[in-house]
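Source file: protein18.cif. Holds: mmCIF, C-alpha atoms and all ligand atoms.
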```cif
data_my_file
loop_
_atom_site.label_atom_id
_atom_site.label_comp_id
_atom_site.auth_asym_id
_atom_site.auth_seq_id
_atom_site.Cartn_x
_atom_site.Cartn_y
_atom_site.Cartn_z
CA MET A 262 4.03 -17.05 14.66
CA ARG A 263 7.24 -15.20 15.33
CA LEU A 264 10.20 -17.52 15.80
CA PRO A 265 13.31 -16.35 17.58
CA LEU A 266 15.43 -14.50 15.10
CA ALA A 267 18.63 -16.14 16.25
CA LEU A 268 17.39 -19.58 15.21
CA LEU A 269 16.53 -18.50 11.72
CA TRP A 270 19.07 -15.96 10.71
CA PHE A 271 22.10 -17.39 8.94
CA PRO A 272 24.83 -15.02 7.93
CA VAL A 273 26.02 -15.72 4.41
CA SER A 274 29.67 -16.37 3.86
CA VAL A 275 31.01 -13.49 1.80
CA ALA A 276 33.47 -15.66 -0.06
CA ALA A 277 30.74 -18.16 -1.02
CA VAL A 278 28.84 -15.92 -3.43
CA ALA A 279 29.99 -14.32 -6.67
CA GLN A 280 29.23 -10.63 -7.08
CA VAL A 281 26.53 -9.77 -9.61
CA GLU A 282 25.68 -6.22 -10.57
CA VAL A 283 22.38 -4.33 -10.61
CA ARG A 284 21.53 -0.73 -11.41
CA VAL A 285 19.19 1.23 -9.19
CA HIS A 286 17.66 4.46 -10.46
CA LEU A 287 16.74 6.70 -7.54
CA TYR A 288 14.06 9.37 -7.85
CA ASN A 289 14.38 11.77 -4.95
CA SER A 290 10.85 13.19 -5.00
CA ALA A 291 11.05 14.13 -1.31
CA ASN A 292 14.03 16.46 -1.83
CA LEU A 293 16.01 14.48 0.69
CA SER A 294 19.50 15.87 1.19
CA GLN A 295 22.19 14.34 -0.98
CA TYR A 296 24.17 13.57 2.18
CA VAL A 297 21.41 11.45 3.73
CA LEU A 298 20.73 9.75 0.41
CA THR A 299 24.38 8.85 -0.06
CA GLN A 300 24.64 7.53 3.49
CA ALA A 301 21.49 5.44 2.96
CA THR A 302 22.83 3.89 -0.23
CA GLN A 303 26.04 2.98 1.59
CA VAL A 304 24.00 1.19 4.27
CA ALA A 305 22.12 -0.73 1.57
CA ASN A 306 25.40 -1.45 -0.27
CA ARG A 307 26.80 -3.28 2.72
CA ALA A 308 23.74 -5.54 2.99
CA PHE A 309 23.81 -6.30 -0.73
CA ALA A 310 27.58 -6.85 -0.81
CA VAL A 311 27.26 -9.71 1.67
CA ALA A 312 24.50 -11.12 -0.58
CA GLY A 313 26.90 -11.07 -3.53
CA ILE A 314 25.19 -8.11 -5.22
CA SER A 315 27.00 -4.97 -6.27
CA VAL A 316 24.68 -1.98 -6.75
CA GLN A 317 25.30 0.92 -9.14
CA TRP A 318 23.21 3.82 -7.83
CA HIS A 319 22.08 6.57 -10.17
CA VAL A 320 20.23 9.61 -8.85
CA CYS A 321 17.87 10.64 -11.65
CA GLU A 322 17.63 14.41 -11.87
CA PRO A 323 15.26 14.64 -13.61
CA SER A 324 15.70 11.35 -15.46
CA CYS A 325 18.19 8.54 -15.97
CA ASP A 326 19.69 7.04 -19.08
CA GLU A 327 17.90 3.77 -19.83
CA ASN A 328 20.76 2.30 -21.83
CA SER A 329 21.31 -1.39 -21.47
CA GLY A 330 23.42 -2.66 -18.63
CA PRO A 331 22.94 -4.76 -15.54
CA PRO A 332 19.31 -5.41 -14.45
CA ARG A 333 17.68 -2.10 -13.54
CA TYR A 334 15.30 -1.31 -10.68
CA ILE A 335 13.65 1.97 -9.74
CA VAL A 336 13.27 3.31 -6.21
CA GLY A 337 11.43 6.51 -5.39
CA ILE A 338 11.91 8.48 -2.16
CA ALA A 339 8.41 9.82 -1.57
CA GLY A 340 7.22 12.78 0.47
CA PRO A 341 3.83 13.04 2.23
CA ASN A 342 1.79 12.88 -0.98
CA VAL A 343 2.53 9.16 -1.52
CA GLN A 344 1.94 6.97 1.52
CA PRO A 345 2.05 3.18 1.82
CA ARG A 346 -1.47 1.77 2.29
CA SER A 347 -0.79 -0.22 5.45
CA SER A 348 -0.33 2.00 8.46
CA GLY A 349 3.06 0.84 9.73
CA ALA A 350 4.70 0.25 6.35
CA LEU A 351 7.81 2.20 5.43
CA GLY A 352 7.48 1.60 1.71
CA PHE A 353 6.03 -0.67 -0.92
CA ALA A 354 7.12 -2.58 -4.02
CA MET A 355 5.01 -2.71 -7.16
CA LEU A 356 5.09 -6.29 -8.29
CA GLU A 357 2.09 -6.18 -10.63
CA ALA A 358 2.64 -6.84 -14.32
CA GLY A 359 4.52 -4.00 -15.91
CA ASP A 360 5.61 -2.50 -12.63
CA GLY A 361 7.87 -5.29 -11.53
CA ASP A 362 10.89 -3.09 -11.11
CA ARG A 363 9.57 -0.15 -9.07
CA ALA A 364 9.43 0.51 -5.35
CA VAL A 365 8.85 3.47 -3.10
CA VAL A 366 10.07 4.31 0.39
CA SER A 367 8.22 6.95 2.37
CA LEU A 368 10.32 9.71 3.93
CA PRO A 369 7.64 10.74 6.50
CA ARG A 370 7.20 7.10 7.63
CA LEU A 371 10.96 6.63 7.84
CA GLU A 372 11.34 9.79 9.90
CA LEU A 373 8.70 8.49 12.32
CA PHE A 374 10.36 5.08 12.45
CA ALA A 375 13.82 6.60 13.01
CA ASN A 376 12.49 8.88 15.76
CA SER A 377 10.66 6.07 17.55
CA THR A 378 13.57 3.62 17.43
CA GLY A 379 16.49 6.02 17.84
CA LEU A 380 17.98 4.93 14.51
CA ALA A 381 19.73 7.51 12.36
CA LEU A 382 17.56 8.33 9.33
CA PRO A 383 20.09 7.05 6.74
CA VAL A 384 20.35 3.74 8.61
CA ALA A 385 16.55 3.31 8.62
CA MET A 386 16.30 4.40 5.00
CA GLY A 387 19.15 2.21 3.76
CA HIS A 388 17.52 -0.87 5.24
CA ALA A 389 14.08 0.10 3.90
CA ILE A 390 15.53 0.54 0.41
CA ALA A 391 17.30 -2.83 0.69
CA HIS A 392 14.02 -4.44 1.85
CA GLU A 393 11.96 -3.06 -1.05
CA LEU A 394 14.68 -3.95 -3.55
CA GLY A 395 14.63 -7.43 -2.02
CA HIS A 396 10.93 -7.70 -2.98
CA LEU A 397 11.67 -6.48 -6.50
CA ILE A 398 14.66 -8.74 -7.10
CA THR A 399 12.98 -11.84 -5.65
CA ARG A 400 9.75 -10.78 -7.45
CA SER A 401 7.86 -11.73 -4.36
CA ALA A 402 5.76 -10.06 -1.69
CA ARG A 403 6.80 -12.78 0.72
CA HIS A 404 8.57 -11.93 3.97
CA SER A 405 11.16 -14.03 5.75
CA TYR A 406 13.62 -12.76 8.32
CA GLY A 407 16.60 -10.44 8.61
CA ILE A 408 16.15 -7.59 6.12
CA MET A 409 13.06 -9.26 4.66
CA SER A 410 11.19 -9.42 7.99
CA ALA A 411 7.59 -8.26 7.77
CA ARG A 412 8.25 -5.98 10.74
CA TRP A 413 11.52 -5.14 12.33
CA ASP A 414 11.31 -5.88 16.03
CA LEU A 415 13.71 -4.62 18.68
CA ALA A 416 16.24 -7.32 17.82
CA GLY A 417 16.14 -6.22 14.18
CA VAL A 418 16.58 -2.57 15.13
CA ALA A 419 19.55 -3.52 17.32
CA ARG A 420 21.11 -5.35 14.38
CA MET A 421 20.60 -2.30 12.18
CA GLN A 422 22.37 -0.21 14.76
CA GLN A 423 25.25 -2.71 14.75
CA ASP A 424 25.24 -2.84 10.94
CA SER A 425 24.67 -6.59 11.09
CA LEU A 426 21.11 -7.04 9.79
CA ARG A 427 21.42 -9.08 6.62
CA PHE A 428 19.39 -10.92 3.99
CA ALA A 429 18.45 -14.49 4.89
CA ALA A 430 20.30 -17.20 2.97
CA GLU A 431 17.10 -18.23 1.13
CA ASP A 432 16.58 -14.64 -0.06
CA VAL A 433 20.18 -14.37 -1.22
CA GLU A 434 19.73 -17.56 -3.21
CA LYS A 435 16.53 -16.27 -4.85
CA MET A 436 18.02 -12.89 -5.68
CA GLN A 437 21.12 -14.45 -7.24
CA LYS A 438 19.01 -16.90 -9.24
CA ASN A 439 16.63 -14.23 -10.53
CA LEU A 440 19.38 -11.80 -11.45
CA LYS A 441 21.28 -14.43 -13.37
CA ALA A 442 18.08 -15.48 -15.17
CA ARG A 443 17.12 -11.90 -15.98
CA HIS A 444 20.51 -11.03 -17.33
CA PRO A 445 22.28 -14.27 -18.33
CA SER A 446 25.39 -12.39 -19.39
CA VAL A 447 25.41 -10.60 -16.07
CA ARG A 448 28.84 -9.23 -15.50
CA LEU A 449 30.74 -10.56 -12.58
CA ALA A 450 32.01 -7.64 -10.62
CA SER A 451 35.73 -7.44 -10.02
CA SER A 452 37.05 -9.50 -7.18
CA ASN A 453 36.31 -6.87 -4.53
CA ARG A 454 35.44 -8.62 -1.35
CA PRO A 455 33.42 -6.64 1.14
CA GLU A 456 35.21 -5.93 4.39
CA LEU A 457 32.50 -7.45 6.57
ZN ZN B 1 8.02 -6.05 2.71
#
```

Encoded form (structure tokens):
Amino acid sequence: MRLPLALLWFPVSVAAVAQVEVRVHLYNSANLSQYVLTQATQVANRAFAVAGISVQWHVCEPSCDENSGPPRYIVGIAGPNVQPRSSGALGFAMLEAGDGDRAVVSLPRLELFANSTGLALPVAMGHAIAHELGHLITRSARHSYGIMSARWDLAGVARMQQDSLRFAAEDVEKMQKNLKARHPSVRLASSNRPEL
């Protein structure tokens, strides 16, 4: 059953959550332009900032330093040779044992999605990356609403266009809890408050 988004979507007060840091290693297997990739990470940054999460992005060309630091997740930008199994999916997260920190977003699927909705590609991609990272950080395949909706309907697309689609409060809580548990000494980011 799909409930009206407005009843379920609670914006999170920015001041209410401390900032925790994560690292994301990006593998640009689709040869996406650096410009689009940077724009997409900025879109994702804004969603995570409101959730109290500060993301350090590293583009791995060809690999990234695995030195210790904040919790690390891997996201691949895939071309046509790696497609999500379900037909409408834009990406997938690998939550099985041993792969709990890897996700993929599909460039061909995102191009289709962007074309059919009128979204700019970096906007679609930034939200898809945030969604898959949401699965990885919550360690759950579960969907809720906002960024973690199973499917983005027209209302969701409109919110993306307005830069106001966010993580649901319950997902923020889970992400914060898991990150603190995974990295108990997790560094609190400096007192930057997102301008949102
Ligand atoms: Zn999902």

Once you count only C-alpha atoms and all ligand atoms, what closest atom pair and distance in Å to one decimal does each residue of chain A within 10 Å of ligand ZN 1 (chain B) have, with rows by chain and rising residue number, as CSV?
```
residue,atom,partner,partner_atom,distance
A:Ala350,CA,B:ZN1,ZN,8.0
A:Leu351,CA,B:ZN1,ZN,8.7
A:Gly352,CA,B:ZN1,ZN,7.7
A:Phe353,CA,B:ZN1,ZN,6.8
A:Ala354,CA,B:ZN1,ZN,7.6
A:Ala389,CA,B:ZN1,ZN,8.7
A:His392,CA,B:ZN1,ZN,6.3
A:Glu393,CA,B:ZN1,ZN,6.2
A:Leu394,CA,B:ZN1,ZN,9.4
A:Gly395,CA,B:ZN1,ZN,8.2
A:His396,CA,B:ZN1,ZN,6.6
A:Leu397,CA,B:ZN1,ZN,9.9
A:Ser401,CA,B:ZN1,ZN,9.1
A:Ala402,CA,B:ZN1,ZN,6.4
A:Arg403,CA,B:ZN1,ZN,7.1
A:His404,CA,B:ZN1,ZN,6.0
A:Ser405,CA,B:ZN1,ZN,9.1
A:Ile408,CA,B:ZN1,ZN,8.9
A:Met409,CA,B:ZN1,ZN,6.3
A:Ser410,CA,B:ZN1,ZN,7.0
A:Ala411,CA,B:ZN1,ZN,5.5
A:Arg412,CA,B:ZN1,ZN,8.0
```

_Using all atoms listed in the file, which protein or nucleic acid residues come within 12 Å of Val336 (chain A)? Drop anything in the same chain fewer than 3 positions from it, and give the result as a ChimeraX atom specification._
/A:284-290,298,302,318-321,333,339,352-355,360-367,386-387,389-397

### Task
Just give me the gap between CA of Ala429 (chain A) and CA of Gly359 (chain A) in Å, one decimal is fine.
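Result for CA of Ala429 (chain A) versus CA of Gly359 (chain A): 27.1 Å, one decimal.
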
Is it possible to get the axis-aligned box enclosing region 289-293 of chain A (all listed atoms, 4 Å extra per side) as JSON, with centre and edge lengths in Å rounded to one decimal?
```
{"center_x": 13.4, "center_y": 14.1, "center_z": -2.2, "size_x": 13.2, "size_y": 12.7, "size_z": 13.7}
```

Distance of CA of Val311 (chain A) from CA of Ala430 (chain A), expressed in Å to one decimal place
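One can read the CA of Ala430 (chain A) to CA of Val311 (chain A) distance as 10.3 Å.
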
| task | Dump as a ChimeraX atom specification all residues having an atom at most 7 Å from (22.0, -6.7, 2.0), computed in the file's coordinates with all atoms listed in the file. | result | /A:305-312,391,427-428

Written selection (C-alpha atoms) as a tab-separated table (two decimals), keeping the file's coordinate frame:
```tsv
chain	number	residue	atom	x	y	z
A	305	ALA	CA	22.12	-0.73	1.57
A	306	ASN	CA	25.40	-1.45	-0.27
A	307	ARG	CA	26.80	-3.28	2.72
A	308	ALA	CA	23.74	-5.54	2.99
A	309	PHE	CA	23.81	-6.30	-0.73
A	310	ALA	CA	27.58	-6.85	-0.81
A	311	VAL	CA	27.26	-9.71	1.67
A	312	ALA	CA	24.50	-11.12	-0.58
A	391	ALA	CA	17.30	-2.83	0.69
A	427	ARG	CA	21.42	-9.08	6.62
A	428	PHE	CA	19.39	-10.92	3.99
```

How would region 361-375 of chain A look with N, CA and C atoms restored, written as an mmCIF file, in the frame of the given file?
```
data_model
loop_
_atom_site.group_PDB
_atom_site.id
_atom_site.type_symbol
_atom_site.label_atom_id
_atom_site.label_comp_id
_atom_site.auth_asym_id
_atom_site.auth_seq_id
_atom_site.Cartn_x
_atom_site.Cartn_y
_atom_site.Cartn_z
ATOM 1 N N GLY A 361 7.064 -4.383 -12.330
ATOM 2 C CA GLY A 361 7.870 -5.290 -11.530
ATOM 3 C C GLY A 361 9.238 -4.792 -11.136
ATOM 4 N N ASP A 362 9.554 -3.557 -11.468
ATOM 5 C CA ASP A 362 10.890 -3.090 -11.110
ATOM 6 C C ASP A 362 10.842 -1.767 -10.343
ATOM 7 N N ARG A 363 9.691 -1.443 -9.756
ATOM 8 C CA ARG A 363 9.570 -0.150 -9.070
ATOM 9 C C ARG A 363 9.178 -0.324 -7.614
ATOM 10 N N ALA A 364 9.792 0.497 -6.773
ATOM 11 C CA ALA A 364 9.430 0.510 -5.350
ATOM 12 C C ALA A 364 9.507 1.937 -4.843
ATOM 13 N N VAL A 365 8.871 2.144 -3.718
ATOM 14 C CA VAL A 365 8.850 3.470 -3.100
ATOM 15 C C VAL A 365 9.167 3.303 -1.616
ATOM 16 N N VAL A 366 9.960 4.206 -1.072
ATOM 17 C CA VAL A 366 10.070 4.310 0.390
ATOM 18 C C VAL A 366 9.548 5.687 0.779
ATOM 19 N N SER A 367 8.894 5.729 1.932
ATOM 20 C CA SER A 367 8.220 6.950 2.370
ATOM 21 C C SER A 367 9.089 7.711 3.369
ATOM 22 N N LEU A 368 9.487 8.916 3.007
ATOM 23 C CA LEU A 368 10.320 9.710 3.930
ATOM 24 C C LEU A 368 9.589 10.025 5.236
ATOM 25 N N PRO A 369 8.304 10.465 5.222
ATOM 26 C CA PRO A 369 7.640 10.740 6.500
ATOM 27 C C PRO A 369 7.558 9.501 7.401
ATOM 28 N N ARG A 370 7.263 8.332 6.812
ATOM 29 C CA ARG A 370 7.200 7.100 7.630
ATOM 30 C C ARG A 370 8.578 6.748 8.177
ATOM 31 N N LEU A 371 9.605 6.951 7.377
ATOM 32 C CA LEU A 371 10.960 6.630 7.840
ATOM 33 C C LEU A 371 11.408 7.581 8.938
ATOM 34 N N GLU A 372 10.993 8.833 8.836
ATOM 35 C CA GLU A 372 11.340 9.790 9.900
ATOM 36 C C GLU A 372 10.676 9.377 11.212
ATOM 37 N N LEU A 373 9.403 8.960 11.125
ATOM 38 C CA LEU A 373 8.700 8.490 12.320
ATOM 39 C C LEU A 373 9.397 7.261 12.914
ATOM 40 N N PHE A 374 9.713 6.321 12.022
ATOM 41 C CA PHE A 374 10.360 5.080 12.450
ATOM 42 C C PHE A 374 11.720 5.378 13.102
ATOM 43 N N ALA A 375 12.499 6.247 12.469
ATOM 44 C CA ALA A 375 13.820 6.600 13.010
ATOM 45 C C ALA A 375 13.663 7.269 14.379
#
```
